[in-house]
Every structure is written in C-alpha cells, then in structure tokens.
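> Just passing along the structure, written as structure tokens.
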Amino acid sequence: MTYDVARVRGLIPSLGDGWIHLDPQSGMLVPDAVSRAVSTGFRTSSFSHTGRHGAAVRSAAILDAARAAVADLVGGDPAGVVLGPDRAVLLAWLAESLSSRLGLGTGIVLSRLDDEANVAPWLRIANRYGAHVRWAEVEIETCEMPSWQFEELIGPTARLVALTAASPIVGSAPAVRVAADRVHQVGGLLVADCFGAAPYALLDIDDLNADVIALSAPAWGGPQMGALVFRDPAFLDRIPSMSLNPYAKGAERLEVGGHQYALLAGLTTSIDYLAALDERARGTRRERLEISITSLQDYHDQLFEHLMEVLDKVPELTVIGRASTRIPTVSFTMGGMQAEKIAAKLADNRIGTVSGVHGGSRLLDALGVNDEGGAVTIGLAPYTTRFEIDQLGRALAGLE
C-alpha cells in the first residue's frame with residue numbers, strides 16, 4: 001500500500017477553502033482532531049495542574065501526556081521536555097540560562113542556514129558578555145554547509161554550537177552529528193533547531209548527538225506551542241533556573257509562567273496525527289511515527305522530484321541552492337521580479353507561498369538575494385498533491 005494522500009487530506013477540513021497551500025513555513029494546516037482536542041481542553045481543564053479539583057487533575061494529565069508525546073517525536077525522555085508558548089521564547093530563556101557559560105574568552109558558533117530564533121538569542125548573549133562568535137557558511141551554488149569547516153570553527157574555547165537540522169528556506173540539511181561530536185570533544189554543547197526538519201525527518205536526539213533540540217508544533221499542524229528536549233534531563237538541574245517558582249525542578253526550571261493546557265492537548269493530538277499518517281502503522285507511538293514518517297518521506301521524494309522538474313521548465317526561474325541532503329522545501333527568484341509580486345500573482349491563482357525577506361533572513365542577505373527583491377519559498381506538506389504542483393507550474397508559466 002502506498003501513502004494515501006487523499007485519506008490524509010480528509011483529516012484537514014480547511015483544505016476545503018479551494019487554495020493550494022505551499023506555505024508550510026508559515027504553519028501547516030491544522031487537522032480536525034487537533035482543533036477538537038483544543039476545544040475539549042478549554043472546556044475540561046483548569047489553568048493550573050496543581051490541586052485536587054478534577055479540572056486540575058485533568059490539566060496535570062494533559063501536561064504529562066504532552067511531555068511524553070514530544071519525547072516520542074524525537075526519541076527522548078519525557079523528563080527532559082520543556083514546554084512553552086513558542087520555540088523562539090524557549091530558546092531565548094535557554095540562552096539566558098546558559099549565559100554564565102558564554103563569557104569573555106569563550107566561543108559560540110552560529111550558522112547562516114539558521115532561522116533567527118536560533119541566532120538572535122545567542123548574539124545578544126555574546127554581545128552582552130563578550131563571547132566570540134564564528135559563523136558556519138554555505139556553498140553559494142548549492143547552499144550546502146560543508147562539514148569540514150566545523151573542525152576549524154569549533155576550537156578549544158567553543159562552548160556552544162547553534163545549528164539547524166534543516167533550513168526552512170532552502171531545505172539544506174547540515175551534518176548536525178559532525179558538529180555535535182566536535183563540540184563535545186572540547187566540552188561544549190550543541191543546540192539543534194528542528195523547526196525545519198519536523199515532520200520531514202524521523203528525529204532522533206541520540207543519533208543527532210544534540211544536547212538540546214528545539215521544536216515548533218505549527219511546523220507539523222500543531223497549535224502555537226514550542227518545546228525544548230534535553231538529551232540528559234539531569235542537565236536541567238545544573239543550569240540556572242528561569243522559573244518564577246523558586247522550588248522548580250527539572251523541565252519546570254525553564255518554563256516561565258503558566259501553561260496553556262488546551263493547546264498542550266492539541267500538541268499531543270498533533271503528534272498522534274503524525275503517527276497515523278500511514279494507516280498501516282502499528283506498535284508504540286514511536287514505532288508508528290517511524291513507519292508514518294518514512295512513508296511520508298518516500299511520497300515526498302517522488303513529489304519533490306516532480307516539483308523540481310516543473311520549476312526547471314519555467315523560463316527565467318532560478319532555484320536557490322540544490323543541496324543533496326535536504327527537506328522538500330525550495331526558494332526561487334524569477335527574472336528580477338520582486339518576490340512580493342510573484343507571491344501576489346500566485347495568490348490570484350489561489351496558491352499560497354511565503355515571500356519577501358523571510359523576517360530578515362541572514363542566508364538570503366549573505367547570498368545577495370534580498371538585494372534583488374527577495375525570494376519566494378514553497379514547501380511540501382503531508383497533504384500536497386501532484387495535481388497541485390502542476391497547477392503551480394501553470395501559474396508560474398503565466399506570470400509576466
């Protein structure tokens with residue numbers, strides 16, 4: 001049995017709007033089950049998970065279930081799962097907590113491929129305390145990040161590497177494990193931002209050898225929630241606490257303020273949705289995730305190949321980067337036309353894309369793309385079809 005995209009599309013009511021959604025970087029469409037879980041959570045949970053009231057007990061159960069679901073997504077330990085309103089917020093709190101390790105005489109390695117959420121917090125700390133910042137660069141033609149440079153960039157004073165698992169702009173997937181192994185040799189940490197990688201790859205925190213993984217639930221159709229997963233949960237008790245609770249232990253030490261329990265219920269359901277993308281999947285949730293995401297990858301491999309064939313036939317269209325290891329996301333320019341104009345014309349054909357400078361992308365700045373009007377980014381989703389890719393090709397061919 002092959003991947004049943006028609007069945008998956010039936011799980012997402014908003015696909016009935018008649019649009020072709022090629023903008024998962026702005027958040028994938030939300031499955032109906034997630035919406036229902038959030039609605040039920042608002043009706044039945046409390047604003048606190050402490051106390052003996054029935055609603056508080058249900059909130060506590062929702063919190064535990066969310067930690068377990070996120071842990072299953074990355075092959076981690078629920079005790080190491082920190083939950084919050086957004087991965088950018090959580091990364092900012094993590095940077096504050098680790099700031100005492102990143103003072104004068106230490107080094108931080110950042111990446112041109114990374115989204116600003118995994119760059120700006122570390123730059124603020126470096127500017128405040130004097131840590132030296134070095135940048136991992138990409139090959140201009142392919143947008144691949146050569147792994148050989150990590151040996152030089154990660155020197156004896158390096159204390160932290162912040163690196164994306166996959167670029168949400170050009171799709172390139174750098175060798176996180178190589179960087180992690182190197183920084184561990186000098187006693188440092190690696191923070192991997194998996195915003196772009198989930199749900200396109202089966203994430204395994206041990207295989208990546210990352211100390212911390214950052215996740216964003218909207219990337220796979222979940223609610224506006226973020227998570228950090230620590231490979232060693234005990235590490236959370238060895239770093240300064242950011243919590244307003246002076247007695248906080250473990251993951252709670254980086255959870256500032258209260259939880260949105262209804263959204264946490266939706267987070268758990270969204271991971272269950274990923275685990276059920278392939279209706280043949282059986283076993284534990286982690287085992288079902290492995291089967292479903294592998295099935296999705298096989299489907300996307302064929303669909304992305306077709307997408308590239310379609311784009312290559314469009315006159316004056318230039319794809320930015322062609323990395324050999326990647327996720328099914330691509331950015332392009334077209335004959336000097338402003339990205340906003342391309343996106344607007346595609347929107348006239350009811351095709352949604354991401355356009356412009358992507359919130360000030362350092363990668364597009366470094367490549368000079370933003371100086372020429374920016375790029376349009378498109379990506380595949382679990383519900384994208386071959387027909388929709390053909391529609392995109394026709395719409396692009398008709399642009400003037």
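Within each chain, counting starts at residue 1; across the structure tokens, chains are named A, B, ... in the order shown, with ligands numbered 1 upward in that order.
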Can you tell me, as a compact mmCIF listing (two decimals) with all heavy atoms, in the first residue's frame, which residues in region 353-384 of chain A count as helix (DSSP H, G or I) by DSSP?


# COMPACT_ATOMS: atom_id res chain seq x y z
N ARG A 362 19.24 35.96 7.22
CA ARG A 362 20.67 36.18 7.08
C ARG A 362 21.23 35.40 5.89
O ARG A 362 22.20 35.83 5.25
CB ARG A 362 21.40 35.79 8.37
CG ARG A 362 21.06 36.69 9.54
CD ARG A 362 21.68 36.19 10.83
NE ARG A 362 21.20 36.98 11.96
CZ ARG A 362 21.81 38.07 12.43
NH1 ARG A 362 22.92 38.50 11.86
NH2 ARG A 362 21.30 38.72 13.45
N LEU A 363 20.64 34.25 5.60
CA LEU A 363 21.09 33.46 4.47
C LEU A 363 20.84 34.21 3.16
O LEU A 363 21.75 34.34 2.32
CB LEU A 363 20.37 32.11 4.44
CG LEU A 363 20.65 31.25 3.22
CD1 LEU A 363 22.13 30.89 3.13
CD2 LEU A 363 19.79 29.99 3.24
N LEU A 364 19.62 34.72 2.97
CA LEU A 364 19.32 35.44 1.74
C LEU A 364 20.09 36.75 1.65
O LEU A 364 20.43 37.20 0.55
CB LEU A 364 17.81 35.68 1.64
CG LEU A 364 16.95 34.42 1.53
CD1 LEU A 364 15.49 34.78 1.37
CD2 LEU A 364 17.42 33.54 0.37
N ASP A 365 20.38 37.35 2.80
CA ASP A 365 21.24 38.54 2.80
C ASP A 365 22.64 38.16 2.31
O ASP A 365 23.23 38.85 1.46
CB ASP A 365 21.34 39.13 4.21
CG ASP A 365 20.09 39.89 4.62
OD1 ASP A 365 19.32 40.28 3.73
OD2 ASP A 365 19.90 40.10 5.83
N ALA A 366 23.19 37.07 2.86
CA ALA A 366 24.55 36.66 2.50
C ALA A 366 24.66 36.28 1.04
O ALA A 366 25.70 36.52 0.40
CB ALA A 366 24.98 35.49 3.37
N ASN A 370 18.22 39.16 -1.16
CA ASN A 370 17.33 40.22 -0.67
C ASN A 370 17.60 41.56 -1.36
O ASN A 370 16.70 42.39 -1.49
CB ASN A 370 17.47 40.36 0.84
CG ASN A 370 16.77 39.23 1.59
OD1 ASN A 370 15.87 38.60 1.05
ND2 ASN A 370 17.19 38.96 2.80
N ASP A 371 18.83 41.76 -1.81
CA ASP A 371 19.15 42.99 -2.53
C ASP A 371 18.47 43.05 -3.89
O ASP A 371 18.33 44.13 -4.48
CB ASP A 371 20.68 43.11 -2.73
CG ASP A 371 21.42 43.28 -1.42
OD1 ASP A 371 20.80 43.77 -0.46
OD2 ASP A 371 22.61 42.90 -1.36
N GLU A 372 18.07 41.89 -4.40
CA GLU A 372 17.45 41.81 -5.72
C GLU A 372 15.95 41.57 -5.65
O GLU A 372 15.33 41.17 -6.65
CB GLU A 372 18.11 40.69 -6.53
CG GLU A 372 19.61 40.85 -6.70
CD GLU A 372 19.97 42.11 -7.46
OE1 GLU A 372 19.20 42.51 -8.36
OE2 GLU A 372 21.02 42.71 -7.14

> Each residue of region 280-397 of chain A with at least one atom at most 9 Å from region 53-76 of chain A should appear once, together with its nearest atom pair and the corresponding distance in Å (one decimal); atoms considered: only C-alpha atoms; ordering: chain, then increasing residue number; output as a tab-separated table.


residue	atom	partner	partner_atom	distance
A:Arg285	CA	A:Asp72	CA	6.7
A:Arg286	CA	A:Asp72	CA	5.1
A:Glu287	CA	A:Asp72	CA	8.9
A:Leu289	CA	A:Leu73	CA	7.2

> Quick one: residues within 9 Å of Ala214 (chain A), only C-alpha atoms, excluding same-chain residues fewer than 4 positions away - as a list in words?

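Close residues of Ala214 (chain A): Arg87, Ala88, Leu90, Leu91, Asn118, Val191, Ala192, Asp193, Cys194, Phe195, Gly226, Ala227, Leu228 and Val229 of chain A.
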
> Using only C-alpha atoms, which protein or nucleic acid residues come within 9 Å of Glu316 (chain A)? Drop anything in the same chain fewer than 5 positions from it, and give the result as a list in words.

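After dropping sequence-adjacent residues, the list is Thr333, Met334, Gly335 and Gly336 of chain A.
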
> Using only C-alpha atoms, which protein or nucleic acid residues come within 6 Å of region 382-399 of chain A? Drop anything in the same chain fewer than 5 positions from it, and give the result as a PDB file with all heavy atoms, in the first residue's frame.


ATOM      1  N   VAL A   5      -2.525  10.012   0.209  1.00  0.00           N
ATOM      2  CA  VAL A   5      -2.650  11.447   0.421  1.00  0.00           C
ATOM      3  C   VAL A   5      -4.119  11.870   0.478  1.00  0.00           C
ATOM      4  O   VAL A   5      -4.469  12.829   1.182  1.00  0.00           O
ATOM      5  CB  VAL A   5      -1.879  12.225  -0.660  1.00  0.00           C
ATOM      6  CG1 VAL A   5      -2.527  12.053  -2.030  1.00  0.00           C
ATOM      7  CG2 VAL A   5      -1.763  13.700  -0.299  1.00  0.00           C
ATOM      8  N   ARG A   9      -5.717  14.150   3.394  1.00  0.00           N
ATOM      9  CA  ARG A   9      -6.431  15.402   3.106  1.00  0.00           C
ATOM     10  C   ARG A   9      -7.812  15.420   3.759  1.00  0.00           C
ATOM     11  O   ARG A   9      -8.303  16.477   4.161  1.00  0.00           O
ATOM     12  CB  ARG A   9      -6.553  15.600   1.597  1.00  0.00           C
ATOM     13  CG  ARG A   9      -5.225  15.925   0.919  1.00  0.00           C
ATOM     14  CD  ARG A   9      -5.382  16.026  -0.599  1.00  0.00           C
ATOM     15  NE  ARG A   9      -6.180  17.187  -0.985  1.00  0.00           N
ATOM     16  CZ  ARG A   9      -5.703  18.403  -1.164  1.00  0.00           C
ATOM     17  NH1 ARG A   9      -4.412  18.650  -0.959  1.00  0.00           N
ATOM     18  NH2 ARG A   9      -6.497  19.386  -1.529  1.00  0.00           N
ATOM     19  N   VAL A 310       9.129  20.581 -12.657  1.00  0.00           N
ATOM     20  CA  VAL A 310       8.191  21.649 -13.035  1.00  0.00           C
ATOM     21  C   VAL A 310       8.880  23.011 -12.971  1.00  0.00           C
ATOM     22  O   VAL A 310       8.756  23.830 -13.892  1.00  0.00           O
ATOM     23  CB  VAL A 310       6.953  21.604 -12.109  1.00  0.00           C
ATOM     24  CG1 VAL A 310       6.118  22.877 -12.258  1.00  0.00           C
ATOM     25  CG2 VAL A 310       6.105  20.372 -12.420  1.00  0.00           C
ATOM     26  N   VAL A 314      10.192  26.405 -16.060  1.00  0.00           N
ATOM     27  CA  VAL A 314       9.665  27.781 -16.070  1.00  0.00           C
ATOM     28  C   VAL A 314      10.757  28.742 -16.528  1.00  0.00           C
ATOM     29  O   VAL A 314      11.834  28.794 -15.906  1.00  0.00           O
ATOM     30  CB  VAL A 314       9.160  28.182 -14.668  1.00  0.00           C
ATOM     31  CG1 VAL A 314       8.647  29.620 -14.691  1.00  0.00           C
ATOM     32  CG2 VAL A 314       8.063  27.224 -14.206  1.00  0.00           C
TER      33      VAL A 314
END

> When you count only C-alpha atoms, which of these residues is closest to Arg36 (chain A): A:Gln260, A:Ser270, A:Ser295, A:Asn127?

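Of A:Gln260, A:Ser270, A:Ser295, A:Asn127, the one nearest Arg36 (chain A) is A:Ser270, counting only C-alpha atoms.
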
> List the neighbours of Leu11 (chain A) out to 7 Å using only C-alpha atoms; skip same-chain residues closer than 2 positions along the sequence, and give me the result as a PyMOL selection string.

chain A and resi 7-9+13+31-32

> Based on the selection just made, write N, CA and C atoms of those residues as a PDB file, in the first residue's frame.


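out25.pdb, freshly written:
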ATOM      1  N   ARG A   7      -6.574  10.230   1.845  1.00  0.00           N
ATOM      2  CA  ARG A   7      -7.048   9.986   3.214  1.00  0.00           C
ATOM      3  C   ARG A   7      -6.543  11.066   4.156  1.00  0.00           C
ATOM      4  N   VAL A   8      -5.264  11.453   4.005  1.00  0.00           N
ATOM      5  CA  VAL A   8      -4.693  12.497   4.857  1.00  0.00           C
ATOM      6  C   VAL A   8      -5.419  13.824   4.632  1.00  0.00           C
ATOM      7  N   ARG A   9      -5.717  14.150   3.394  1.00  0.00           N
ATOM      8  CA  ARG A   9      -6.431  15.402   3.106  1.00  0.00           C
ATOM      9  C   ARG A   9      -7.812  15.420   3.759  1.00  0.00           C
ATOM     10  N   PRO A  13     -10.072  19.792   7.473  1.00  0.00           N
ATOM     11  CA  PRO A  13     -11.226  20.487   6.880  1.00  0.00           C
ATOM     12  C   PRO A  13     -10.870  21.767   6.126  1.00  0.00           C
ATOM     13  N   PRO A  31      -5.118  19.692  11.504  1.00  0.00           N
ATOM     14  CA  PRO A  31      -6.091  18.606  11.379  1.00  0.00           C
ATOM     15  C   PRO A  31      -7.295  18.842  12.287  1.00  0.00           C
ATOM     16  N   ASP A  32      -8.417  18.294  11.890  1.00  0.00           N
ATOM     17  CA  ASP A  32      -9.643  18.469  12.660  1.00  0.00           C
ATOM     18  C   ASP A  32      -9.501  17.903  14.065  1.00  0.00           C
TER      19      ASP A  32
END

> Identify, on the basis of only C-alpha atoms, every residue whose closest approach to Met28 (chain A) does not exceed 9 Å; exclude the query and any residue fewer than 3 positions from it along the same chain; express the result as an MDAnalysis selection string.

chainID A and resid 21 23:25 218:222 381:382

> For CA of Glu116 (chain A) and CA of Thr329 (chain A), determine how far apart the two atoms are, in Å to one decimal place.

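Result for CA of Glu116 (chain A) versus CA of Thr329 (chain A): 17.7 Å, one decimal.
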
> My list of candidates is A:Ser97, A:Thr40, A:Ser324, A:Asn209. Which is closest to Leu254 (chain A) when distances are computed with only C-alpha atoms?

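Counting only C-alpha atoms, the residue closest to Leu254 (chain A) is A:Ser97.
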
> Identify which of the residues A:Ala323, A:Ala251, A:Leu15, A:Ala262 lies closest to Ala37 (chain A), counting only C-alpha atoms when measuring atom-to-atom distances.

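With only C-alpha atoms as the atom set, the closest residue is A:Ala262.
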
> Looking only at strand (DSSP E) from DSSP on the backbone, list the matching residues of region 244-385 of chain A as a list of chain:residue names.

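Output for region 244-385 of chain A, strand (DSSP E) only: A:Leu317, A:Thr318, A:Val319, A:Thr329, A:Val330, A:Ser331, A:Phe332, A:Thr333, A:Met334, A:Ile351, A:Gly352, A:Val376, A:Thr377, A:Ile378, A:Gly379.
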
> Could you save the residues just selected, with N, CA, C and O atoms, as a short mmCIF file (atom, residue, chain, number, x, y, z; two decimals), in the first residue's frame?


data_model
loop_
_atom_site.label_atom_id
_atom_site.label_comp_id
_atom_site.auth_asym_id
_atom_site.auth_seq_id
_atom_site.Cartn_x
_atom_site.Cartn_y
_atom_site.Cartn_z
N LEU A 317 13.26 31.29 -14.21
CA LEU A 317 13.16 30.92 -12.80
C LEU A 317 14.48 30.31 -12.34
O LEU A 317 15.00 29.41 -12.99
N THR A 318 15.00 30.80 -11.24
CA THR A 318 16.26 30.31 -10.69
C THR A 318 16.04 29.75 -9.29
O THR A 318 15.59 30.47 -8.39
N VAL A 319 16.33 28.46 -9.13
CA VAL A 319 16.24 27.83 -7.82
C VAL A 319 17.48 28.20 -7.01
O VAL A 319 18.60 28.16 -7.52
N THR A 329 11.74 21.55 0.61
CA THR A 329 11.49 23.00 0.64
C THR A 329 12.44 23.65 -0.34
O THR A 329 13.60 23.25 -0.43
N VAL A 330 11.98 24.66 -1.07
CA VAL A 330 12.82 25.30 -2.06
C VAL A 330 12.45 26.78 -2.18
O VAL A 330 11.29 27.16 -2.00
N SER A 331 13.45 27.61 -2.43
CA SER A 331 13.22 29.03 -2.70
C SER A 331 13.70 29.35 -4.11
O SER A 331 14.62 28.72 -4.63
N PHE A 332 13.08 30.34 -4.72
CA PHE A 332 13.46 30.69 -6.08
C PHE A 332 13.23 32.18 -6.34
O PHE A 332 12.48 32.86 -5.62
N THR A 333 13.94 32.67 -7.35
CA THR A 333 13.71 34.01 -7.89
C THR A 333 13.26 33.85 -9.34
O THR A 333 13.38 32.77 -9.92
N MET A 334 12.79 34.95 -9.92
CA MET A 334 12.24 34.83 -11.27
C MET A 334 12.42 36.12 -12.05
O MET A 334 11.73 37.11 -11.82
N ILE A 351 -2.95 30.20 -4.84
CA ILE A 351 -1.79 29.41 -4.45
C ILE A 351 -1.04 30.18 -3.37
O ILE A 351 -0.58 31.31 -3.60
N GLY A 352 -0.93 29.61 -2.19
CA GLY A 352 -0.26 30.27 -1.07
C GLY A 352 1.21 29.92 -1.01
O GLY A 352 1.59 28.75 -1.08
N VAL A 376 10.87 33.69 -3.28
CA VAL A 376 9.63 33.00 -2.93
C VAL A 376 9.99 31.60 -2.44
O VAL A 376 10.79 30.91 -3.06
N THR A 377 9.40 31.21 -1.33
CA THR A 377 9.67 29.89 -0.76
C THR A 377 8.41 29.04 -0.81
O THR A 377 7.32 29.52 -0.48
N ILE A 378 8.57 27.80 -1.24
CA ILE A 378 7.46 26.86 -1.25
C ILE A 378 7.94 25.56 -0.61
O ILE A 378 9.12 25.24 -0.62
N GLY A 379 7.01 24.85 -0.03
CA GLY A 379 7.35 23.59 0.61
C GLY A 379 6.21 22.60 0.47
O GLY A 379 5.06 22.98 0.26
#

> Using only C-alpha atoms, can you tell me which of A:Ala120, A:Ser243, A:Gly171, A:Ile342 comes closest to Phe304 (chain A)?

A:Gly171
